[in-house]
Amino acid sequence: MLEYRIGRLNGRLVVTWRDAQGKKRRFRLAATTAREADAEARDVVIAASAHDDGVNVESIWEAYRADRAGRSIAESMRHTGKSILPHFGHLRPDQITTDDCRAYVAARRAAGRHDGTIWSQLGHLRNALSWAAKRGLIARAPYIERPPQPAPRDRFLSNAEVEKLLEAEAEPHIRLAIILMLTTAARIGALLELTWDRVDMERGQIVLRTDFTGPRKGRAVVPINHRARAALQDAREAALSPYVIEWAGKPVKSIKRGFARAVQSAGLQDVTPHTLRHTCAVHMAAGGVPMAQISQYMGHTNTATTERVYARFAPDHLRDAAAILDFGAGPKPRA
């Protein structure tokens, strides 16, 4: 085992050592006592010395997923890994170049993938490598070049389109998912994880979060409106499992195909589950609901996010500003 030294930096305990190449390495410890620090330092240095010369992207990817077990990112990376790992999995982090990133972007574009998808996939790679560097598993994380993040898609459904989708032919679990997406503004992942113990019909609310510490993307506590209540009552009577959205008594992992069939049956185009979440926020804003309430409903961490995306749909957005620019139309409103 390599020799190491425990010290303090800015009030925090750190472990310092030299790797196999003689380069000085330092890692900030979570420990708060010398005894805890020694035990943690041993793990850090052993992991670093074991992996410095041979660790590849695939092993880091899987270690990061294991560290995030139970969070939505772990499941998401199971899917993105099918694209990322064939290109980068065999490489050591220090071997990754900008040309490798650009080649990946070109290959995914040629396969018909949207830049937003590619941006997210490479973001997962960057997160995993940064985590490995912070844990001392690698000396440093390489630069991961990504395509420019595209502007968010602005597709949302009109009232008429919403009714078409609600009337479309669909399996019962798909129809229930559509109704809940349109009445709770929840992400589909949150709804597929929703269990009956978090549906309070008496108080008229749904708790979308699974606990009070996660997941990272905000999940709200939302009221149950009339349409959602009717759908939930029917589903509860037929329930065969603890999950609200189920199929043959088992939880549903994905509604991608069933949702696409419902969209096609409704005669709609360019509609994804996220389109329904966006639709909810747009209609709330257009109906004059305050941004603070929309932010809570969407599970945003602050209203700045809500205002940036949805304020322009509010009926009075920038109306005072427009009045100032109404030159020659008489007295201007005072602040």
# chains A, B, ... in the order shown; residues from 1 in each chain; ligands from 1
>>> residues_around(residues="Leu91 of chain A", least_positions_apart="6", cutoff="10 Å", atoms="only C-alpha atoms", output="VMD selection string")
chain A and resid 54 to 58 85
>>> write_last_selection(atoms="C-alpha atoms", output="short mmCIF file (atom, residue, chain, number, x, y, z; two decimals), in the first residue's frame")
data_model
loop_
_atom_site.label_atom_id
_atom_site.label_comp_id
_atom_site.auth_asym_id
_atom_site.auth_seq_id
_atom_site.Cartn_x
_atom_site.Cartn_y
_atom_site.Cartn_z
CA GLY A 54 -5.99 0.24 -15.38
CA VAL A 55 -9.33 1.81 -14.60
CA ASN A 56 -11.47 2.35 -17.66
CA VAL A 57 -14.65 4.29 -18.33
CA GLU A 58 -16.89 1.24 -18.08
CA LEU A 85 -19.98 2.50 -23.36
#
>>> select_by_dssp(residues="segment 141-307 of chain A", states="strand (DSSP E or B)", output="ChimeraX atom specification")
/A:195,199-200,205-207,221-223,243,246-247,250-251
>>> residues_around(residues="Trp119 of chain A", least_positions_apart="5", cutoff="12 Å", atoms="only C-alpha atoms", output="list of chain:residue names")
A:Thr80, A:Ile84, A:Cys101, A:Arg102, A:Tyr104, A:Val105, A:Arg108, A:Arg109, A:Arg113, A:His114, A:His124, A:Leu125, A:Arg126, A:Ile144, A:Glu145, A:Arg146, A:Pro147, A:Pro148, A:Gln149, A:Pro150, A:Ala151
>>> residues_around(residues="Thr195 of chain A", least_positions_apart="5", cutoff="8 Å", atoms="only C-alpha atoms", output="MDAnalysis selection string")
chainID A and resid 242:244
>>> write_last_selection(atoms="N, CA and C atoms", output="PDB file, in the first residue's frame")
ATOM      1  N   PRO A 242     -49.208  -2.655  -5.274  1.00  0.00           N
ATOM      2  CA  PRO A 242     -49.107  -1.365  -4.575  1.00  0.00           C
ATOM      3  C   PRO A 242     -48.926  -0.183  -5.525  1.00  0.00           C
ATOM      4  N   TYR A 243     -48.641  -0.464  -6.803  1.00  0.00           N
ATOM      5  CA  TYR A 243     -48.350   0.615  -7.746  1.00  0.00           C
ATOM      6  C   TYR A 243     -49.619   1.142  -8.397  1.00  0.00           C
ATOM      7  N   VAL A 244     -49.695   2.471  -8.508  1.00  0.00           N
ATOM      8  CA  VAL A 244     -50.873   3.099  -9.111  1.00  0.00           C
ATOM      9  C   VAL A 244     -50.975   2.739 -10.585  1.00  0.00           C
TER      10      VAL A 244
END
>>> residues_around(residues="Leu208 of chain A", least_positions_apart="2", cutoff="6 Å", atoms="only C-alpha atoms", output="PyMOL selection string")
chain A and resi 219-221
>>> write_last_selection(atoms="N, CA and C atoms", output="mmCIF file, in the first residue's frame")
data_model
loop_
_atom_site.group_PDB
_atom_site.id
_atom_site.type_symbol
_atom_site.label_atom_id
_atom_site.label_comp_id
_atom_site.auth_asym_id
_atom_site.auth_seq_id
_atom_site.Cartn_x
_atom_site.Cartn_y
_atom_site.Cartn_z
ATOM 1 N N ARG A 219 -39.979 16.951 -6.756
ATOM 2 C CA ARG A 219 -41.294 16.328 -6.869
ATOM 3 C C ARG A 219 -42.213 16.974 -5.852
ATOM 4 N N ALA A 220 -43.403 17.272 -6.294
ATOM 5 C CA ALA A 220 -44.310 18.071 -5.487
ATOM 6 C C ALA A 220 -45.339 17.216 -4.758
ATOM 7 N N VAL A 221 -46.066 17.890 -3.880
ATOM 8 C CA VAL A 221 -47.297 17.349 -3.305
ATOM 9 C C VAL A 221 -48.425 18.116 -3.986
#
>>> residues_around(residues="Lys23 of chain A", least_positions_apart="5", cutoff="10 Å", atoms="only C-alpha atoms", output="compact mmCIF listing (two decimals) with N, CA and C atoms, in the first residue's frame")
# COMPACT_ATOMS: atom_id res chain seq x y z
N TRP A 17 -0.92 11.72 -0.68
CA TRP A 17 0.00 10.64 -1.00
C TRP A 17 0.57 10.86 -2.39
N ARG A 18 1.53 10.04 -2.77
CA ARG A 18 2.08 10.09 -4.13
C ARG A 18 1.69 8.82 -4.86
N ALA A 139 -6.70 10.55 -11.41
CA ALA A 139 -5.98 11.77 -11.08
C ALA A 139 -6.81 13.01 -11.40
>>> closest_residue(among="A:Arg277, A:Arg312, A:Arg65, A:Arg203", to="Ala177 of chain A", atoms="only C-alpha atoms")
A:Arg277
